[in-house]
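Raw contents of structure_10.txt, compact mmCIF, C-alpha atoms:
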# COMPACT_ATOMS: atom_id res chain seq x y z
CA MET A 1 9.48 1.69 -11.89
CA ARG A 2 6.27 0.01 -10.81
CA GLU A 3 7.17 -3.30 -9.21
CA ILE A 4 5.89 -5.79 -6.68
CA ASP A 5 7.08 -9.01 -5.05
CA LEU A 6 4.24 -11.27 -4.01
CA LEU A 7 6.67 -13.68 -2.31
CA THR A 8 7.56 -11.31 0.52
CA SER A 9 4.19 -10.20 1.86
CA ALA A 10 0.48 -10.95 1.87
CA THR A 11 -0.21 -7.34 0.85
CA LEU A 12 1.25 -4.75 -1.51
CA LYS A 13 2.96 -3.10 1.41
CA HIS A 14 5.64 -1.20 -0.49
CA LEU A 15 3.36 0.59 -2.94
CA ARG A 16 4.44 4.11 -2.09
CA ASP A 17 8.17 3.61 -2.52
CA ARG A 18 8.16 0.97 -5.28
CA TRP A 19 5.15 1.81 -7.41
CA TRP A 20 4.48 5.55 -7.26
CA ASP A 21 5.50 7.39 -10.43
CA ALA A 22 4.97 10.72 -12.23
CA SER A 23 1.75 9.58 -13.92
CA PHE A 24 0.21 8.66 -10.58
CA THR A 25 1.17 12.08 -9.18
CA THR A 26 -0.62 13.65 -12.15
CA PHE A 27 -3.67 11.48 -11.44
CA LEU A 28 -3.60 12.61 -7.83
CA GLN A 29 -3.44 16.26 -8.82
CA GLU A 30 -6.26 15.95 -11.35
CA THR A 31 -8.42 14.05 -8.88
CA LEU A 32 -7.93 16.27 -5.82
CA GLN A 33 -8.11 19.47 -7.90
CA PRO A 34 -6.06 21.57 -5.46
CA ARG A 35 -6.61 25.32 -5.46
CA ALA A 36 -4.90 28.18 -3.65
CA GLY A 37 -5.64 28.00 0.06
CA ASN A 38 -6.75 24.34 0.01
CA ARG A 39 -5.85 22.02 2.87
CA ILE A 40 -5.06 18.46 1.77
CA LEU A 41 -4.70 15.51 4.16
CA ASP A 42 -2.66 12.41 3.35
CA VAL A 43 -3.62 9.54 5.67
CA GLY A 44 -0.78 7.05 5.98
CA CYS A 45 1.85 9.37 4.55
CA GLY A 46 4.69 6.91 5.07
CA THR A 47 8.04 8.46 4.28
CA GLY A 48 6.56 11.47 2.48
CA THR A 49 6.29 10.21 -1.11
CA ALA A 50 3.04 12.06 -1.79
CA GLU A 51 4.12 15.26 -0.08
CA VAL A 52 7.36 15.44 -2.09
CA SER A 53 5.59 14.48 -5.33
CA LEU A 54 2.84 17.08 -4.90
CA GLY A 55 5.19 19.70 -3.48
CA THR A 56 7.47 19.60 -6.50
CA LEU A 57 4.51 20.45 -8.74
CA GLY A 58 4.67 24.00 -7.41
CA LEU A 59 1.05 24.13 -6.26
CA SER A 60 0.40 27.67 -5.16
CA GLN A 61 -0.59 28.22 -1.51
CA VAL A 62 -1.74 24.63 -1.00
CA LYS A 63 -1.28 23.37 2.55
CA LEU A 64 -0.20 19.74 2.81
CA PHE A 65 -0.85 17.63 5.92
CA GLY A 66 0.24 14.05 6.50
CA VAL A 67 -0.27 11.51 9.26
CA ASP A 68 1.11 8.03 9.77
CA ARG A 69 0.70 5.50 12.57
CA LEU A 70 4.48 4.96 12.86
CA TYR A 71 6.53 7.82 14.28
CA ASP A 72 9.72 6.73 12.48
CA ARG A 73 7.98 7.13 9.13
CA VAL A 74 6.69 10.55 10.10
CA ARG A 75 10.25 11.57 10.94
CA GLN A 76 11.48 10.29 7.57
CA ALA A 77 8.69 12.19 5.84
CA ALA A 78 9.72 15.35 7.68
CA ASP A 79 13.32 14.87 6.55
CA ALA A 80 12.24 14.26 2.95
CA THR A 81 10.01 17.32 2.73
CA ALA A 82 12.64 19.50 4.41
CA ALA A 83 15.27 18.29 1.92
CA HIS A 84 13.04 19.48 -0.94
CA ASN A 85 12.05 22.68 0.87
CA ILE A 86 8.40 21.63 0.87
CA PRO A 87 6.26 22.95 3.73
CA ALA A 88 4.12 20.18 5.20
CA SER A 89 2.54 19.55 8.57
CA LEU A 90 3.20 15.97 9.72
CA ALA A 91 2.12 14.00 12.77
CA ALA A 92 1.76 10.47 14.13
CA ALA A 93 -1.88 9.41 14.19
CA ASP A 94 -4.20 6.46 13.61
CA ALA A 95 -6.46 6.42 10.54
CA CYS A 96 -9.39 5.39 12.73
CA HIS A 97 -8.90 8.32 15.13
CA LEU A 98 -7.74 11.36 13.17
CA PRO A 99 -6.78 14.30 15.46
CA PHE A 100 -8.58 16.97 13.41
CA ALA A 101 -11.80 18.93 13.64
CA ASN A 102 -14.81 18.20 11.48
CA ALA A 103 -14.55 19.52 7.90
CA ALA A 104 -10.93 20.58 8.47
CA PHE A 105 -9.75 19.67 4.95
CA ASP A 106 -10.75 20.40 1.38
CA SER A 107 -9.68 16.92 0.32
CA THR A 108 -8.46 13.74 1.96
CA PHE A 109 -6.69 10.79 0.41
CA CYS A 110 -4.95 7.54 1.33
CA VAL A 111 -2.91 5.08 -0.72
CA ALA A 112 -2.50 1.44 0.35
CA VAL A 113 -3.51 2.12 3.96
CA LEU A 114 -6.84 0.36 4.46
CA GLN A 115 -5.29 -2.95 3.40
CA HIS A 116 -3.47 -2.88 6.75
CA VAL A 117 -6.57 -2.01 8.79
CA LYS A 118 -8.54 -4.78 10.49
CA ASP A 119 -11.83 -5.55 8.79
CA THR A 120 -13.78 -4.50 11.88
CA ASP A 121 -12.16 -1.04 11.75
CA LEU A 122 -12.51 -0.29 8.02
CA GLU A 123 -15.83 1.53 8.35
CA SER A 124 -14.42 3.65 11.19
CA ALA A 125 -11.45 4.71 9.07
CA VAL A 126 -13.59 5.69 6.08
CA GLY A 127 -15.96 7.47 8.45
CA GLU A 128 -13.02 9.51 9.72
CA PHE A 129 -12.08 10.46 6.15
CA ALA A 130 -15.62 11.75 5.69
CA ARG A 131 -15.71 13.56 9.02
CA VAL A 132 -12.54 15.61 8.47
CA THR A 133 -13.42 16.53 4.86
CA ARG A 134 -15.62 19.54 4.19
CA PRO A 135 -18.98 19.07 2.43
CA GLY A 136 -18.34 19.03 -1.31
CA GLY A 137 -14.68 18.10 -0.78
CA ARG A 138 -12.93 15.23 -2.52
CA VAL A 139 -12.02 11.92 -0.88
CA LEU A 140 -9.71 9.51 -2.69
CA VAL A 141 -8.87 5.99 -1.55
CA VAL A 142 -6.47 3.77 -3.51
CA GLU A 143 -6.32 0.15 -2.36
CA PRO A 144 -5.38 -3.22 -3.86
CA ASP A 145 -7.34 -6.42 -4.16
CA ASN A 146 -4.87 -8.74 -2.44
CA SER A 147 -7.21 -11.70 -2.95
CA ALA A 148 -6.90 -11.53 -6.75
CA ARG A 149 -3.15 -11.73 -7.22
CA TYR A 150 -1.75 -13.57 -10.24
CA TRP A 151 1.50 -15.52 -10.15
CA TYR A 152 3.30 -17.57 -12.78
CA SER A 153 6.66 -19.29 -12.63
CA SER A 154 8.21 -21.52 -15.26
CA THR A 155 9.65 -23.79 -12.55
CA GLU A 156 7.78 -26.35 -10.46
CA SER A 157 9.20 -25.07 -7.15
CA GLY A 158 8.12 -21.54 -8.06
CA LYS A 159 4.53 -22.64 -8.47
CA ARG A 160 4.54 -24.39 -5.08
CA LEU A 161 6.40 -21.51 -3.42
CA PHE A 162 3.63 -19.00 -4.09
CA GLU A 163 1.04 -21.33 -2.58
CA LEU A 164 3.18 -22.02 0.48
CA GLY A 165 3.85 -18.30 0.92
CA ALA A 166 0.13 -17.58 0.97
CA LEU A 167 -0.31 -20.20 3.71
CA PHE A 168 2.59 -18.82 5.75
CA PHE A 169 1.52 -15.19 5.65
CA ARG A 170 -2.10 -16.11 6.40
CA ALA A 171 -1.00 -18.18 9.40
CA LEU A 172 1.28 -15.36 10.56
CA ALA A 173 -1.53 -12.81 10.34
CA GLU A 174 -3.92 -15.04 12.29
CA ALA A 175 -1.30 -15.80 14.94
CA THR A 176 -0.47 -12.13 15.47
CA GLY A 177 -4.09 -10.94 15.32
CA SER A 178 -3.44 -8.77 12.28
CA THR A 179 -5.79 -10.44 9.80
CA THR A 180 -7.21 -7.91 7.33
CA GLU A 181 -9.74 -7.89 4.50
CA GLN A 182 -7.81 -9.03 1.42
CA ALA A 183 -10.30 -7.66 -1.12
CA VAL A 184 -10.55 -4.18 0.37
CA GLY A 185 -10.08 -2.32 -2.94
CA PRO A 186 -13.38 -3.36 -4.58
CA ARG A 187 -15.28 -2.67 -1.34
CA VAL A 188 -14.32 0.99 -0.99
CA SER A 189 -17.17 2.49 -3.04
CA ALA A 190 -19.79 0.78 -0.86
CA MET A 191 -18.04 2.00 2.29
CA PHE A 192 -18.00 5.51 0.83
CA ALA A 193 -21.76 5.48 0.36
CA ARG A 194 -22.36 4.34 3.94
CA ALA A 195 -20.07 7.08 5.28
CA GLY A 196 -21.78 9.92 3.44
CA ILE A 197 -19.31 10.11 0.57
CA GLU A 198 -20.82 9.96 -2.91
CA PRO A 199 -18.70 7.74 -5.21
CA VAL A 200 -18.07 9.61 -8.46
CA ALA A 201 -15.38 7.56 -10.24
CA VAL A 202 -13.43 4.32 -10.07
CA ARG A 203 -10.15 3.67 -11.86
CA VAL A 204 -8.10 0.49 -11.95
CA PHE A 205 -4.29 0.60 -11.95
CA PRO A 206 -2.46 -2.61 -12.90
CA VAL A 207 0.64 -3.39 -10.85
CA SER A 208 2.78 -5.97 -12.60
CA SER A 209 6.28 -7.30 -13.05
CA ALA A 210 7.71 -9.82 -15.50
CA ARG A 211 11.15 -11.39 -15.44
CA LEU A 212 12.89 -13.25 -18.24
CA GLY A 213 16.06 -14.91 -17.06
CA ALA A 214 17.20 -15.70 -13.54
CA PRO A 215 16.86 -12.75 -11.10
CA PRO A 216 20.12 -11.24 -9.80
CA PRO A 217 21.45 -12.20 -6.34
CA SER A 218 20.08 -8.96 -4.83
CA VAL A 219 16.51 -10.12 -5.49
CA TRP A 220 17.04 -13.39 -3.64
CA ASP A 221 18.81 -11.57 -0.79
CA THR A 222 15.83 -9.24 -0.38
CA ARG A 223 13.42 -12.14 -0.41
CA ARG A 224 15.41 -14.09 2.18
CA ALA A 225 15.66 -11.05 4.46
CA SER A 226 11.92 -10.34 4.23
CA ILE A 227 10.96 -13.94 5.00
CA ARG A 228 13.42 -14.21 7.89
CA ASP A 229 12.05 -10.99 9.34
CA ALA A 230 8.54 -12.41 9.12
CA ILE A 231 9.64 -15.65 10.79
CA GLU A 232 11.16 -13.72 13.68
CA LYS A 233 7.79 -12.03 14.26
CA ALA A 234 5.94 -15.34 14.41
CA PRO A 235 4.64 -15.95 17.96
CA SER A 236 4.25 -19.73 17.65
CA GLU A 237 6.53 -22.63 16.78
CA SER A 238 4.10 -23.98 14.19
CA VAL A 239 4.16 -20.75 12.21
CA ARG A 240 7.95 -20.56 12.48
CA ARG A 241 8.22 -24.10 11.11
CA LEU A 242 5.98 -23.14 8.22
CA GLY A 243 8.22 -20.13 7.60
CA ALA A 244 11.33 -22.34 7.69
CA ASP A 245 9.76 -24.61 5.06
CA TYR A 246 8.96 -21.54 2.98
CA LEU A 247 12.55 -20.32 3.22
CA LYS A 248 13.89 -23.77 2.32
CA LEU A 249 11.68 -23.94 -0.77
CA LEU A 250 12.82 -20.45 -1.74
CA GLU A 251 16.41 -21.72 -1.87
CA ARG A 252 15.36 -24.53 -4.18
CA TYR A 253 13.50 -22.01 -6.34
CA ALA A 254 16.63 -19.87 -6.58
CA GLU A 255 18.68 -22.89 -7.67
CA GLU A 256 16.13 -23.87 -10.33
CA ALA A 257 15.95 -20.31 -11.62
CA LYS A 258 19.74 -20.13 -11.91
CA ALA A 259 19.87 -23.48 -13.73
CA ALA A 260 17.15 -22.39 -16.17
CA GLU A 261 19.10 -19.22 -17.06
CA ARG A 262 17.42 -17.37 -19.95
CA SER A 263 14.47 -19.77 -20.12
CA PHE A 264 13.33 -18.77 -16.63
CA VAL A 265 10.10 -16.75 -16.49
CA GLU A 266 8.36 -15.17 -13.49
CA ILE A 267 5.22 -13.03 -13.79
CA GLN A 268 3.38 -11.22 -11.00
CA HIS A 269 0.23 -9.12 -11.27
CA SER A 270 -2.21 -7.36 -8.96
CA MET A 271 -4.63 -4.45 -9.21
CA LEU A 272 -5.22 -1.17 -7.43
CA PHE A 273 -8.70 0.33 -7.20
CA ALA A 274 -8.74 4.13 -7.05
CA VAL A 275 -12.14 5.26 -5.78
CA VAL A 276 -12.98 8.97 -5.98
CA GLY A 277 -15.76 10.38 -3.86
CA GLN A 278 -17.35 13.70 -2.89
CA ARG A 279 -18.30 14.46 0.69
CA GLN A 280 -22.02 15.00 0.84
CA ASP A 281 -23.62 17.90 2.71
Show how you would write the structure in this file as structure tokens.
Amino acid sequence: MREIDLLTSATLKHLRDRWWDASFTTFLQETLQPRAGNRILDVGCGTGTAEVSLGTLGLSQVKLFGVDRLYDRVRQAADATAAHNIPASLAAADACHLPFANAAFDSTFCVAVLQHVKDTDLESAVGEFARVTRPGGRVLVVEPDNSARYWYSSTESGKRLFELGALFFRALAEATGSTTEQAVGPRVSAMFARAGIEPVAVRVFPVSSARLGAPPPSVWDTRRASIRDAIEKAPSESVRRLGADYLKLLERYAEEAKAAERSFVEIQHSMLFAVVGQRQD
């Protein structure tokens, strides 16, 4: 099921495990056009969602490679591919400094990775995608526009909560030095052109969720845990206070939602931009 929760993060950080489905795997296969002997690189492989999804298609003699900045995720990806008997080469690496030779892969792709890269490093990351892809090879980047997120709640506290959440996560990012470009998705095609990748197609994927009736307790528990985790990471008292206000308003929102029962409505929507390119000679 494709789902998001705009109250728990400034970005669509859980895209791979909460949004990926069979139709997206088909899109990936049709876009990358894997053939026998091809080497495919997944930048930001996470826990191995793409490797398992592609591996179960039974692609003949295709060699899958995946890298992720976090070692724990690489280990989880290795466990996942091993459990499905899917051969894949996995390693910990940074998107801006890929440990591969020039033109090492027939195609390279990333999903929801650049949204976590600092704006000053975006061009370097896309340049690395171009460098490790052979001339004529495919490059696919799928990223959201986190600046164009839609939120609706039928309760007054819900409306104010979304605004306060945006302030909190922005302040947290600035305080921790992790501010990123929110509208990275629409910018990818221009970055492709500058990196020597010819843009050949753009596709938009909607990512939405709609609730009618008060959410179950598990939803509120997840939201509380995510916000508390973010507060703990805050390096300054002012940001922690803002987070505490956010958490307090969340509790009021939960009470209003419960009181509204079946008349409660919550709608969230964002967009993913899938940009397909071909590495120029």
Any idea what's packed within 9 Å of Val117 (chain A), counting all atoms listed in the file, ignoring anything in its chain fewer than 2 positions away? Could you give it as a VMD selection string? chain A and resid 95 to 96 113 to 115 119 to 122 125 178 to 181
Atom pair CA of Cys45 (chain A) / CA of Val62 (chain A): separation (Å): 16.6 Å
Across A:Lys248, A:Lys258, A:His269, A:Arg279, the smallest distance to Gly127 (chain A), with all atoms listed in the file counted, is shown by A:Arg279
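Taking CA of Phe129 (chain A) as the reference point, CA of Ala190 (chain A) is found at 14.2 Å.
Taking all atoms listed in the file into account, Ser157 (chain A) lies nearest to A:Ala254 out of the set A:Val43, A:Ala254, A:Ala193, A:Gln280.
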Of the listed residues A:Leu242, A:Leu140, A:Ala225, A:Leu90, that which approaches Ala171 (chain A) most closely, counting only C-alpha atoms: A:Leu242
Show me, as lines of an AutoDock Vina configuration file, the centre and edge lengths in Å to one decimal of the axis-aligned box that covers every listed atom of region 130-147 of chain A with 6 Å on each side.
center_x = -11.9
center_y = 3.9
center_z = 2.4
size_x = 26.1
size_y = 43.2
size_z = 25.2
